[in-house]
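S.K.: Just dropping this structure here.
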Amino acid sequence: MDVERLEAILRRDGLAAASQRLRRAIAGTPNQGLFYMLLALGAGRAGLDGQASRLFRLHCLIHPGDLQGYYNFGNFRLRLEQRDEAAGLFTRAALDAPLRPLAWHNRLKALTGAGRHLAAATQAAALHRLAPLNINAALDIFVALSNAHRFATAAGIARRALIAAPANARAASNFALAAADTGAGATAIGYAKIAEILAPHDPEILANSGVIRLKRGDFNGGWAGWAHRAKPAPVVTDQRGRQPAALTAGALDGARLVILGEQGIGDHFIFAICLHQVARRAAEVNFVIGDRLYDFFRRAFPNVRFLRESAMRAANYHLDRAVDFQIAFGDLPGVCRLFVGHYPSTAWFAGDAAESARLRGRLRTAYGDRRFIGVSWRSKSPRDGHFRSIAPRQLGAAAFPADAVLVNLQYEATTAELDQLAAASGRPVARFDEIDIYSDFWTLGNLIRALDEVVTTPNVTNILAGVCGQPTQLLLPYASHWCWGIDEDRSFWFPATRVHRRGAEETWADVVGRLTF
């Protein structure tokens, strides 16, 4: 019995019935010892996370030497974003077989998943010493070094891997990514095309090429490649018990549609550029969205029916009405031909003008008629937040105007950080402690619209400022999200945003020194 069939039984009949069916199916076969593992994999796919976790743990207790068991359990933990637990499981698997390529791969994946990129890079260097000519090791080393923002070293590894295996599609694709990260856009496109020729049906290769094309502003080819990225795929059923078909560009008009949110917070704001168009063209739009974004999107797009992701997961993604099509949110730009044949305003957030005026009034009452500049300096992303953050004292060294009042837009800012910013800048720092900057995006957007300008590192604040159409100066690390291009000083997504890129040999002080007001 395969995992897909087991998942269907779990969804339809529950755990007890699935257990009986599986036990009968594998009795007397080599898979008999994998009973709990198979059941855990099926339960995980069916969204029964608590039961899946218990079953994985039971399998690992019964079979403590099963490398694949730890690997599967680690992947399950990563899907739930329990990164530290996943790191422990992957590391245990690696320790059981320290010289096996899979064990090394898992260890690097564990450290990366836990956000420990520098540790992963150190492990990568050790692996390179053990297996300097192993192409698979070189490919893993490249990923570890890139995640640690050691792009020059990663580019060297990618180049050596390509020389050692010129017909290896992943080697060509990695070299293309390295070229894009180091600002060599034409080289990146050239090797991306080579990788596509070598592996024309490989989703990872096509997705990498899509990212590179999007960085270069080639949206026609970029969206086509982007559609091949890894993405969650919950099985949605509608009121009739049917699974909706995948939405294509020609089917949008008059469709009854369900959109599955699957990108990060900032990506949701970016892709929402398409949402007004979709709401106008489709007959009905249902959107399964993360709980943190639910209230904001419900108010911003009243013509769309939003469903909390937690509630949908509890209902096994069963809809209470008939729908014709489904689509992952990140695929909407391709269906809408965003920036190909369709050029909407990217400043789609109107917010509440009266609320913005009230917030502006509070600032003027407290500080007079001065220039109000919103500031943010930190990301807590476990993947690369360290590289996208600067110290408040570094940001405070900017040549802010003499009449400026800095307005805190940083979530979870501490009193010590705000004092540090005020001391370094010599400017007052206003704060609205009653606003939940981390979760209340609606009020945060209204506050941003009340300001004269925003200065920030890459986090949700800069994207929200972009969709507000607010003048923004963005302090960008050496390599960054594809929406910021490769070497442009303006964003083709948000024309009001000026981009200040950190060079390979620069410090944040160099970037802050280029801010102008």
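Letters A, B, ... mark the chains of the structure tokens in the order given; residue numbers begin at 1 per chain; ligand numbers begin at 1, in order shown.
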Mind checking which residues fall within 7 Å of Asn286 of chain A, counting only C-alpha atoms, ignoring those fewer than 6 positions away in the same chain, and posting them as a list in words?
M.R.: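 Close residues of Asn286 of chain A: Leu257, Val258, Ile259, Val304, Arg305 and Phe306 of chain A.
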S.K.: Store the residues picked out above in a file with C-alpha atoms, as a short mmCIF file (atom, residue, chain, number, x, y, z; two decimals), in the first residue's frame.
M.R.:
```cif
data_model
loop_
_atom_site.label_atom_id
_atom_site.label_comp_id
_atom_site.auth_asym_id
_atom_site.auth_seq_id
_atom_site.Cartn_x
_atom_site.Cartn_y
_atom_site.Cartn_z
CA LEU A 257 -11.88 29.69 -7.32
CA VAL A 258 -9.96 28.73 -4.18
CA ILE A 259 -6.50 30.26 -3.62
CA VAL A 304 -12.75 38.00 -1.49
CA ARG A 305 -13.90 35.33 0.99
CA PHE A 306 -10.98 34.58 3.31
#
```
S.K.: When you look at Phe35 of chain A with a cut-off of 9 Å (counting only C-alpha atoms), what residues show up, excluding the ones that are within fewer than 6 positions of it in the same chain? I need them as a ChimeraX atom specification.
M.R.: /A:19,22-23,26,59
S.K.: Take the residues just selected and output them with C-alpha atoms as a PDB file, in the first residue's frame.
M.R.:
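out17.pdb written:
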```
ATOM      1  CA  SER A  19      -4.119   1.047  10.773  1.00  0.00           C
ATOM      2  CA  LEU A  22      -2.162  -1.166   6.498  1.00  0.00           C
ATOM      3  CA  ARG A  23      -1.387  -4.011   8.913  1.00  0.00           C
ATOM      4  CA  ILE A  26       2.078  -5.414   4.770  1.00  0.00           C
ATOM      5  CA  HIS A  59       9.012   4.221  15.029  1.00  0.00           C
TER       6      HIS A  59
END
```
S.K.: At a cut-off of 10 Å, using only C-alpha atoms, what residues contact Thr497 of chain A? Leave out same-chain residues fewer than 5 positions from it and give the result as a list of chain:residue names.
M.R.: A:Glu453, A:Val454, A:Val455, A:Asn462, A:Ile463, A:Ala465, A:Gly466, A:Gly469, A:Gln470, A:Pro471, A:Thr472, A:Gln473, A:Leu474, A:Asp489, A:Arg490, A:Ser491, A:Phe492
S.K.: I'd like the interatomic distance between atom CA of Gly210 of chain A and atom CA of Ala224 of chain A, to a tenth of an Å.
M.R.: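 Going from atom CA of Gly210 of chain A over to atom CA of Ala224 of chain A covers 6.7 Å.
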S.K.: So that I can check the secondary structure, give me every residue of segment 366-515 of chain A assigned alpha helix (DSSP H) by backbone DSSP, as an NGL selection string.
M.R.: :A and (366-367 or 392-396 or 415-425 or 441-449 or 460-468 or 508-512)
S.K.: Dump C-alpha atoms for the selected residues as a short mmCIF file (atom, residue, chain, number, x, y, z; two decimals), in the first residue's frame?
M.R.:
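This is the output file part-v5.cif:
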```cif
data_model
loop_
_atom_site.label_atom_id
_atom_site.label_comp_id
_atom_site.auth_asym_id
_atom_site.auth_seq_id
_atom_site.Cartn_x
_atom_site.Cartn_y
_atom_site.Cartn_z
CA ALA A 366 3.62 65.92 20.27
CA TYR A 367 6.45 67.22 18.05
CA PRO A 392 20.00 50.61 15.84
CA ARG A 393 23.17 52.59 16.54
CA GLN A 394 24.33 51.87 12.96
CA LEU A 395 21.04 53.07 11.51
CA GLY A 396 21.16 56.11 13.81
CA THR A 415 13.59 50.14 25.15
CA ALA A 416 17.36 49.68 24.97
CA GLU A 417 17.24 49.57 21.15
CA LEU A 418 15.09 52.70 20.95
CA ASP A 419 17.37 54.55 23.39
CA GLN A 420 20.36 53.44 21.31
CA LEU A 421 18.71 54.76 18.13
CA ALA A 422 17.86 58.12 19.74
CA ALA A 423 21.37 58.56 21.12
CA ALA A 424 23.09 57.67 17.84
CA SER A 425 20.82 59.84 15.68
CA PHE A 441 -0.74 45.05 9.60
CA TRP A 442 -3.83 47.16 9.00
CA THR A 443 -2.95 49.74 11.65
CA LEU A 444 0.75 49.52 10.79
CA GLY A 445 -0.12 50.31 7.15
CA ASN A 446 -2.18 53.30 8.25
CA LEU A 447 0.74 54.52 10.37
CA ILE A 448 3.14 54.17 7.42
CA ARG A 449 0.76 56.23 5.28
CA VAL A 460 7.66 43.06 6.23
CA THR A 461 7.87 46.83 6.83
CA ASN A 462 9.55 47.63 3.52
CA ILE A 463 7.04 45.54 1.54
CA LEU A 464 4.09 47.11 3.36
CA ALA A 465 5.55 50.56 2.68
CA GLY A 466 5.82 49.56 -0.97
CA VAL A 467 2.17 48.55 -1.31
CA CYS A 468 1.26 51.83 0.44
CA TRP A 508 26.45 48.38 6.85
CA ALA A 509 28.11 51.69 7.71
CA ASP A 510 28.99 52.13 4.02
CA VAL A 511 25.37 51.57 3.02
CA VAL A 512 23.94 53.85 5.72
#
```
S.K.: Between A:Arg21, A:His201, A:His500, A:Arg213, which residue has the minimum interatomic distance to Ile189 of chain A, considering only C-alpha atoms?
M.R.: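 Distance minimum relative to Ile189 of chain A lands on A:Arg213.
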S.K.: Looking at only C-alpha atoms, which of A:Pro244, A:Pro302, A:Pro344, A:Gly385 is the one that sits closest to Cys274 of chain A?
M.R.: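 Smallest distance to Cys274 of chain A is found for A:Pro344.
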S.K.: To one decimal place, how far is atom CA of Glu262 of chain A from atom CA of Ile197 of chain A in Å?
M.R.: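 So the answer is 29.0 Å.
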S.K.: Env of Pro234 of chain A: 9 Å cut, atoms = only C-alpha atoms, seq-sep filter 2 positions within chain, self excluded. Answer as a list in words.
M.R.: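 Near neighbours after the sequence-gap exclusion: Arg45, Ala46, Gly47, Pro232, Val236, Leu260, Arg313, Asn316 and Tyr317 of chain A.
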S.K.: Suppose you want the space between atom CA of Ala52 of chain A and atom CA of Arg240 of chain A; what is it in Å?
M.R.: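 Atom-to-atom, atom CA of Ala52 of chain A to atom CA of Arg240 of chain A, that is 27.7 Å.
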